[in-house]
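Visitor: What follows is my_file_5.pdb, PDB, C-alpha atoms.
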```pdb
ATOM      1  CA  LYS I  12      -6.924  -8.062  -7.660  1.00  0.00           C
ATOM      2  CA  MET I  13      -3.507  -6.751  -6.686  1.00  0.00           C
ATOM      3  CA  ILE I  14      -1.394  -9.206  -4.690  1.00  0.00           C
ATOM      4  CA  TYR I  15       2.141  -8.478  -3.559  1.00  0.00           C
ATOM      5  CA  GLU I  16       4.231 -11.378  -2.263  1.00  0.00           C
ATOM      6  CA  ARG I  17       7.444 -11.320  -0.245  1.00  0.00           C
ATOM      7  CA  LYS I  18       9.496 -13.463   2.109  1.00  0.00           C
ATOM      8  CA  VAL I  19      10.098 -12.304   5.697  1.00  0.00           C
ATOM      9  CA  ASN I  20      13.747 -11.474   6.323  1.00  0.00           C
ATOM     10  CA  TYR I  21      15.506 -12.347   9.575  1.00  0.00           C
ATOM     11  CA  TYR I  22      16.309  -8.691  10.338  1.00  0.00           C
ATOM     12  CA  GLU I  23      12.573  -7.861  10.244  1.00  0.00           C
ATOM     13  CA  THR I  24      11.875 -10.011  13.300  1.00  0.00           C
ATOM     14  CA  ASP I  25      12.158  -9.114  16.973  1.00  0.00           C
ATOM     15  CA  ALA I  26      13.299 -10.841  20.171  1.00  0.00           C
ATOM     16  CA  MET I  27      10.128 -12.986  20.072  1.00  0.00           C
ATOM     17  CA  LYS I  28      11.169 -14.207  16.598  1.00  0.00           C
ATOM     18  CA  VAL I  29       8.116 -12.674  14.930  1.00  0.00           C
ATOM     19  CA  VAL I  30       7.879  -9.758  12.504  1.00  0.00           C
ATOM     20  CA  HIS I  31       8.238  -6.527  14.459  1.00  0.00           C
ATOM     21  CA  HIS I  32       4.952  -4.611  14.278  1.00  0.00           C
ATOM     22  CA  SER I  33       6.596  -1.544  12.696  1.00  0.00           C
ATOM     23  CA  ASN I  34       7.781  -3.569   9.703  1.00  0.00           C
ATOM     24  CA  TYR I  35       4.226  -4.248   8.578  1.00  0.00           C
ATOM     25  CA  ILE I  36       3.934  -0.531   7.740  1.00  0.00           C
ATOM     26  CA  ARG I  37       6.908  -0.956   5.388  1.00  0.00           C
ATOM     27  CA  PHE I  38       5.304  -4.045   3.861  1.00  0.00           C
ATOM     28  CA  LEU I  39       2.122  -2.054   3.173  1.00  0.00           C
ATOM     29  CA  GLU I  40       4.181   0.629   1.433  1.00  0.00           C
ATOM     30  CA  GLU I  41       5.973  -1.973  -0.689  1.00  0.00           C
ATOM     31  CA  ALA I  42       2.603  -3.452  -1.670  1.00  0.00           C
ATOM     32  CA  ARG I  43       1.112  -0.020  -2.435  1.00  0.00           C
ATOM     33  CA  ILE I  44       4.036   0.954  -4.663  1.00  0.00           C
ATOM     34  CA  HIS I  45       3.873  -2.430  -6.422  1.00  0.00           C
ATOM     35  CA  SER I  46       0.126  -1.972  -7.013  1.00  0.00           C
ATOM     36  CA  MET I  47       0.560   1.572  -8.304  1.00  0.00           C
ATOM     37  CA  ASP I  48       3.245   0.303 -10.716  1.00  0.00           C
ATOM     38  CA  ASN I  49       0.804  -2.353 -11.960  1.00  0.00           C
ATOM     39  CA  MET I  50      -1.840   0.341 -12.498  1.00  0.00           C
ATOM     40  CA  GLY I  51       0.624   2.306 -14.631  1.00  0.00           C
ATOM     41  CA  LEU I  52       0.985   5.017 -11.984  1.00  0.00           C
ATOM     42  CA  SER I  53       4.448   4.531 -10.576  1.00  0.00           C
ATOM     43  CA  TYR I  54       5.438   6.845  -7.741  1.00  0.00           C
ATOM     44  CA  PHE I  55       8.500   7.766  -9.778  1.00  0.00           C
ATOM     45  CA  LYS I  56       6.395   8.772 -12.804  1.00  0.00           C
ATOM     46  CA  MET I  57       3.874  10.660 -10.685  1.00  0.00           C
ATOM     47  CA  GLU I  58       6.604  12.607  -8.892  1.00  0.00           C
ATOM     48  CA  GLU I  59       8.256  13.377 -12.242  1.00  0.00           C
ATOM     49  CA  GLU I  60       4.923  14.910 -13.242  1.00  0.00           C
ATOM     50  CA  GLY I  61       4.740  16.941 -10.032  1.00  0.00           C
ATOM     51  CA  VAL I  62       2.332  14.801  -7.996  1.00  0.00           C
ATOM     52  CA  MET I  63       3.080  13.476  -4.531  1.00  0.00           C
ATOM     53  CA  ILE I  64       0.963  11.111  -2.410  1.00  0.00           C
ATOM     54  CA  PRO I  65       1.815  11.680   1.258  1.00  0.00           C
ATOM     55  CA  VAL I  66       0.505   9.319   3.929  1.00  0.00           C
ATOM     56  CA  LEU I  67      -1.982  11.024   6.243  1.00  0.00           C
ATOM     57  CA  GLY I  68      -2.659   8.032   8.453  1.00  0.00           C
ATOM     58  CA  VAL I  69      -2.213   4.313   8.952  1.00  0.00           C
ATOM     59  CA  ASN I  70      -4.609   1.986  10.742  1.00  0.00           C
ATOM     60  CA  CYS I  71      -3.652  -1.638  11.394  1.00  0.00           C
ATOM     61  CA  THR I  72      -5.126  -4.555  13.284  1.00  0.00           C
ATOM     62  CA  TYR I  73      -2.637  -7.313  14.003  1.00  0.00           C
ATOM     63  CA  LYS I  74      -4.176 -10.802  13.923  1.00  0.00           C
ATOM     64  CA  HIS I  75      -1.479 -13.512  13.729  1.00  0.00           C
ATOM     65  CA  PRO I  76       2.313 -13.091  13.642  1.00  0.00           C
ATOM     66  CA  ALA I  77       4.499 -13.912  10.657  1.00  0.00           C
ATOM     67  CA  LYS I  78       7.950 -15.311  11.334  1.00  0.00           C
ATOM     68  CA  PHE I  79      11.332 -15.420   9.661  1.00  0.00           C
ATOM     69  CA  ASP I  80      11.247 -17.202   6.291  1.00  0.00           C
ATOM     70  CA  ASP I  81       7.430 -17.177   6.053  1.00  0.00           C
ATOM     71  CA  VAL I  82       6.018 -15.962   2.761  1.00  0.00           C
ATOM     72  CA  ILE I  83       3.354 -13.291   3.072  1.00  0.00           C
ATOM     73  CA  GLU I  84       0.846 -12.080   0.501  1.00  0.00           C
ATOM     74  CA  ILE I  85      -0.579  -8.599   0.661  1.00  0.00           C
ATOM     75  CA  ASP I  86      -3.895  -8.018  -1.060  1.00  0.00           C
ATOM     76  CA  VAL I  87      -4.215  -4.309  -1.883  1.00  0.00           C
ATOM     77  CA  LYS I  88      -7.380  -2.557  -2.948  1.00  0.00           C
ATOM     78  CA  ILE I  89      -8.556   1.018  -3.318  1.00  0.00           C
ATOM     79  CA  LYS I  90     -11.210   1.516  -0.656  1.00  0.00           C
ATOM     80  CA  GLU I  91     -11.998   5.139  -1.490  1.00  0.00           C
ATOM     81  CA  TYR I  92     -10.890   7.614  -4.130  1.00  0.00           C
ATOM     82  CA  THR I  93     -12.231  11.147  -4.578  1.00  0.00           C
ATOM     83  CA  GLY I  94      -9.590  12.795  -6.754  1.00  0.00           C
ATOM     84  CA  VAL I  95      -8.304  14.594  -3.659  1.00  0.00           C
ATOM     85  CA  LYS I  96      -8.211  11.734  -1.142  1.00  0.00           C
ATOM     86  CA  LEU I  97      -7.146   8.089  -1.499  1.00  0.00           C
ATOM     87  CA  ILE I  98      -7.703   5.250   0.986  1.00  0.00           C
ATOM     88  CA  MET I  99      -5.987   1.928   0.351  1.00  0.00           C
ATOM     89  CA  GLU I 100      -7.065  -1.269   2.093  1.00  0.00           C
ATOM     90  CA  TYR I 101      -4.768  -4.219   2.852  1.00  0.00           C
ATOM     91  CA  VAL I 102      -5.051  -7.826   3.965  1.00  0.00           C
ATOM     92  CA  VAL I 103      -1.737  -9.475   4.829  1.00  0.00           C
ATOM     93  CA  THR I 104      -1.923 -13.262   4.752  1.00  0.00           C
ATOM     94  CA  ASN I 105       0.767 -15.694   5.807  1.00  0.00           C
ATOM     95  CA  LYS I 106       1.013 -17.968   2.764  1.00  0.00           C
ATOM     96  CA  THR I 107       2.861 -20.529   4.885  1.00  0.00           C
ATOM     97  CA  THR I 108       0.124 -20.883   7.558  1.00  0.00           C
ATOM     98  CA  GLU I 109      -2.809 -19.349   5.586  1.00  0.00           C
ATOM     99  CA  GLN I 110      -3.602 -17.141   8.597  1.00  0.00           C
ATOM    100  CA  ILE I 111      -4.431 -13.447   8.243  1.00  0.00           C
ATOM    101  CA  CYS I 112      -1.583 -11.506   9.856  1.00  0.00           C
ATOM    102  CA  LEU I 113      -2.975  -8.015   9.529  1.00  0.00           C
ATOM    103  CA  THR I 114      -5.805  -5.961   8.129  1.00  0.00           C
ATOM    104  CA  GLY I 115      -5.324  -2.269   7.614  1.00  0.00           C
ATOM    105  CA  GLU I 116      -5.627   0.857   5.578  1.00  0.00           C
ATOM    106  CA  THR I 117      -3.587   3.895   4.652  1.00  0.00           C
ATOM    107  CA  LYS I 118      -5.038   7.345   4.008  1.00  0.00           C
ATOM    108  CA  HIS I 119      -3.452   9.689   1.492  1.00  0.00           C
ATOM    109  CA  CYS I 120      -3.991  12.955  -0.302  1.00  0.00           C
ATOM    110  CA  PHE I 121      -2.498  14.309  -3.506  1.00  0.00           C
ATOM    111  CA  THR I 122      -0.211  17.322  -3.435  1.00  0.00           C
ATOM    112  CA  ASP I 123       2.085  19.275  -5.702  1.00  0.00           C
ATOM    113  CA  MET I 124       5.832  19.241  -5.034  1.00  0.00           C
ATOM    114  CA  ASN I 125       5.376  22.018  -2.429  1.00  0.00           C
ATOM    115  CA  MET I 126       2.953  19.798  -0.475  1.00  0.00           C
ATOM    116  CA  LYS I 127      -0.030  21.950  -1.481  1.00  0.00           C
ATOM    117  CA  PRO I 128      -3.158  19.774  -1.829  1.00  0.00           C
ATOM    118  CA  ILE I 129      -4.400  19.283  -5.388  1.00  0.00           C
ATOM    119  CA  SER I 130      -7.323  17.640  -7.135  1.00  0.00           C
ATOM    120  CA  LEU I 131      -6.011  14.939  -9.451  1.00  0.00           C
ATOM    121  CA  LYS I 132      -9.254  15.234 -11.424  1.00  0.00           C
ATOM    122  CA  LYS I 133      -8.411  18.858 -12.300  1.00  0.00           C
ATOM    123  CA  VAL I 134      -4.601  18.775 -12.445  1.00  0.00           C
ATOM    124  CA  LYS I 135      -3.945  15.321 -13.964  1.00  0.00           C
ATOM    125  CA  PRO I 136      -7.189  14.002 -15.502  1.00  0.00           C
ATOM    126  CA  GLU I 137      -5.359  11.099 -17.189  1.00  0.00           C
ATOM    127  CA  MET I 138      -4.141   9.867 -13.777  1.00  0.00           C
ATOM    128  CA  HIS I 139      -7.616  10.440 -12.327  1.00  0.00           C
ATOM    129  CA  GLU I 140      -9.113   8.195 -15.022  1.00  0.00           C
ATOM    130  CA  ILE I 141      -6.716   5.353 -14.141  1.00  0.00           C
ATOM    131  CA  PHE I 142      -7.818   5.526 -10.488  1.00  0.00           C
ATOM    132  CA  ILE I 143     -11.504   5.624 -11.481  1.00  0.00           C
ATOM    133  CA  LYS I 144     -11.034   2.582 -13.741  1.00  0.00           C
ATOM    134  CA  GLU I 145      -9.275   0.678 -10.935  1.00  0.00           C
ATOM    135  CA  VAL I 146     -12.064   1.483  -8.452  1.00  0.00           C
ATOM    136  CA  GLU I 147     -14.731   0.327 -10.939  1.00  0.00           C
ATOM    137  CA  GLU I 148     -12.899  -2.967 -11.586  1.00  0.00           C
ATOM    138  CA  ASN I 149     -12.745  -3.849  -7.889  1.00  0.00           C
TER
END
```
Output the file's structure as structure tokens, nothing else.

Guide:
Amino acid sequence: KMIYERKVNYYETDAMKVVHHSNYIRFLEEARIHSMDNMGLSYFKMEEEGVMIPVLGVNCTYKHPAKFDDVIEIDVKIKEYTGVKLIMEYVVTNKTTEQICLTGETKHCFTDMNMKPISLKKVKPEMHEIFIKEVEEN
């Protein structure tokens, strides 16, 4: 289980004193990068090896707002992995209130540095195996 934890900063809130909806997308990215690091597949390392993971789409359902100084936990899991496509699933929970703030997913593909789609299974089998192992463990 991959959990990323962070405190809500004042500048991330809006006039209603709750986290602005657009900031949750940033939180999901932070959590995804943290999870990839924990898997041994840092974005930095992957890009050094010529692999990029662009975001194709984001889908979020907002449930309960988080506010300044709340601590949120983001549970990240691989929902689908094909070697060409990756879907990550997220549950953002307010650790302070124990309410679910957001559920969502991000869709990705793998490309070379010229943004040409690639199959990780063919191009980087060692990276592919790490993803497969992670999917099997969840």

Visitor: With all atoms listed in the file as the basis for distance, which of I:Glu60, I:Glu91, I:Asp48, I:Asp80 is at the shortest distance from I:Ile143?

Guide: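 Nearest candidate to I:Ile143 out of I:Glu60, I:Glu91, I:Asp48, I:Asp80: I:Glu91.
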
Visitor: Please evaluate the PyMOL selection byres ((chain I and resi 106) around 7) against the structure above and give the resulting residues as a short mmCIF file (atom, residue, chain, number, x, y, z; two decimals) with C-alpha atoms, keeping the file's coordinate frame.

Guide:
```cif
data_model
loop_
_atom_site.label_atom_id
_atom_site.label_comp_id
_atom_site.auth_asym_id
_atom_site.auth_seq_id
_atom_site.Cartn_x
_atom_site.Cartn_y
_atom_site.Cartn_z
CA VAL I 82 6.02 -15.96 2.76
CA ILE I 83 3.35 -13.29 3.07
CA GLU I 84 0.85 -12.08 0.50
CA THR I 104 -1.92 -13.26 4.75
CA ASN I 105 0.77 -15.69 5.81
CA THR I 107 2.86 -20.53 4.88
CA THR I 108 0.12 -20.88 7.56
CA GLU I 109 -2.81 -19.35 5.59
#
```

Visitor: Report, in Å to a single decimal, how far apart atom CA of I:Glu100 and atom CA of I:Gly61 are.

Guide: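 Value for the atom CA of I:Gly61-atom CA of I:Glu100 distance: 24.9 Å.
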
Visitor: Expand the PyMOL selection byres ((chain I and resi 39) around 9) into the individual residues it matches in the shown file, reporting them as a list in words.

Guide: Asn34, Tyr35, Ile36, Arg37, Phe38, Glu40, Glu41, Ala42, Arg43, Ile44, Ile85, Val87, Tyr101, Val103, Gly115, Glu116 and Thr117 of chain I

Visitor: Determine the residue set returned by the PyMOL selection byres ((chain I and resi 96) around 10) for the present structure, and present it as number ranges by chain.

Guide: I: 64, 67, 91-95, 97-98, 118-121, 128-131
